[in-house]
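The structure appears below as structure tokens.
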Amino acid sequence: MENQMSLGNWLLTFLIASIPLVGFIMLFVWAFSEGTQPSKKTFAQAALIWMAIIFVLYMIMGAAFLGAMMA
């Protein structure tokens, strides 16, 4: 059985992930590196998927708003 991440490790993970540019880069590192614990790797992959979904939704809403303003 693998070592589970402790509460302190999770708190540090969330702290690093919340730093604007550093957190984004670290999510990629955690999501795609081989040495990362599986639970942290899965968390990072899920966070990146949610970021992509939210980005696409913002682009759609921005285009709709811009289209409404131009009309």
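To be explicit about the labels: the chains of the structure tokens are called A, B, and onward in the order shown, and within each one the residues are counted from 1, while ligands get numbers from 1 in the order they are shown.
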Handout entry: Filtered DSSP result for chain A, state helix (DSSP H, G or I), as an MDAnalysis selection string
Key = chainID A and resid 7:17 20:32 38:70
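Atom CA of Leu66 of chain A sits 26.6 Å away from atom CA of Pro20 of chain A.
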Exercise for the section: Can you pull out every residue within 9 Å of Met26 of chain A, counting only C-alpha atoms, but drop anything in the same chain fewer than 5 positions away, and send it as a list of chain:residue names? Expected result: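 After dropping sequence-adjacent residues, the list is A:Ile16, A:Ala17, A:Leu21, A:Ala31, A:Ala44.
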Exercise for the section: Name all residues at most 8 Å from Ala47 of chain A (count only C-alpha atoms; drop same-chain ones fewer than 4 positions away) and give them as a ChimeraX atom specification. Expected result: /A:27,43,51
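The two atoms in question, atom CA of Leu48 of chain A and atom CA of Asn3 of chain A, are spaced 23.8 Å apart.
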Problem - Neighbour list for Thr42 of chain A as a PyMOL selection string, cut-off 12 Å, only C-alpha atoms, skip fewer than 4 positions in-chain - result: chain A and resi 27-33+36-38+46-49
Quick one: write out the picked residues with N, CA and C atoms as a PDB file, in the first residue's frame?
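Saved to result.pdb:
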```
ATOM      1  N   LEU A  27       0.732  22.623 -10.965  1.00  0.00           N
ATOM      2  CA  LEU A  27      -0.309  21.658 -11.313  1.00  0.00           C
ATOM      3  C   LEU A  27       0.115  20.817 -12.508  1.00  0.00           C
ATOM      4  N   PHE A  28       0.756  21.435 -13.493  1.00  0.00           N
ATOM      5  CA  PHE A  28       1.274  20.672 -14.628  1.00  0.00           C
ATOM      6  C   PHE A  28       2.383  19.712 -14.191  1.00  0.00           C
ATOM      7  N   VAL A  29       3.273  20.184 -13.316  1.00  0.00           N
ATOM      8  CA  VAL A  29       4.359  19.326 -12.839  1.00  0.00           C
ATOM      9  C   VAL A  29       3.779  18.130 -12.084  1.00  0.00           C
ATOM     10  N   TRP A  30       2.851  18.381 -11.170  1.00  0.00           N
ATOM     11  CA  TRP A  30       2.259  17.293 -10.397  1.00  0.00           C
ATOM     12  C   TRP A  30       1.432  16.357 -11.271  1.00  0.00           C
ATOM     13  N   ALA A  31       0.747  16.898 -12.263  1.00  0.00           N
ATOM     14  CA  ALA A  31      -0.140  16.079 -13.090  1.00  0.00           C
ATOM     15  C   ALA A  31       0.619  15.147 -14.018  1.00  0.00           C
ATOM     16  N   PHE A  32       1.824  15.526 -14.456  1.00  0.00           N
ATOM     17  CA  PHE A  32       2.496  14.763 -15.494  1.00  0.00           C
ATOM     18  C   PHE A  32       3.854  14.182 -15.102  1.00  0.00           C
ATOM     19  N   SER A  33       4.284  14.376 -13.858  1.00  0.00           N
ATOM     20  CA  SER A  33       5.571  13.792 -13.467  1.00  0.00           C
ATOM     21  C   SER A  33       5.354  12.391 -12.898  1.00  0.00           C
ATOM     22  N   THR A  36       5.292  11.805  -8.605  1.00  0.00           N
ATOM     23  CA  THR A  36       4.239  12.385  -7.786  1.00  0.00           C
ATOM     24  C   THR A  36       3.352  11.291  -7.210  1.00  0.00           C
ATOM     25  N   GLN A  37       2.904  11.492  -5.969  1.00  0.00           N
ATOM     26  CA  GLN A  37       1.991  10.525  -5.359  1.00  0.00           C
ATOM     27  C   GLN A  37       0.697  10.467  -6.168  1.00  0.00           C
ATOM     28  N   PRO A  38       0.109   9.281  -6.300  1.00  0.00           N
ATOM     29  CA  PRO A  38      -1.082   9.129  -7.149  1.00  0.00           C
ATOM     30  C   PRO A  38      -2.252  10.039  -6.780  1.00  0.00           C
ATOM     31  N   ALA A  46      -7.409  16.736 -12.220  1.00  0.00           N
ATOM     32  CA  ALA A  46      -8.790  17.208 -12.089  1.00  0.00           C
ATOM     33  C   ALA A  46      -8.843  18.737 -12.045  1.00  0.00           C
ATOM     34  N   ALA A  47      -7.914  19.356 -11.330  1.00  0.00           N
ATOM     35  CA  ALA A  47      -7.875  20.816 -11.246  1.00  0.00           C
ATOM     36  C   ALA A  47      -7.617  21.434 -12.618  1.00  0.00           C
ATOM     37  N   LEU A  48      -6.724  20.838 -13.390  1.00  0.00           N
ATOM     38  CA  LEU A  48      -6.440  21.361 -14.734  1.00  0.00           C
ATOM     39  C   LEU A  48      -7.644  21.192 -15.658  1.00  0.00           C
ATOM     40  N   ILE A  49      -8.358  20.082 -15.539  1.00  0.00           N
ATOM     41  CA  ILE A  49      -9.564  19.886 -16.356  1.00  0.00           C
ATOM     42  C   ILE A  49     -10.608  20.929 -16.008  1.00  0.00           C
TER      43      ILE A  49
END
```
Practice task
Figure out the distance between atom CA of Leu15 of chain A and atom CA of Gln45 of chain A, please, to one decimal in Å.
Solution key: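 Atom CA of Leu15 of chain A lies 16.8 Å from atom CA of Gln45 of chain A.
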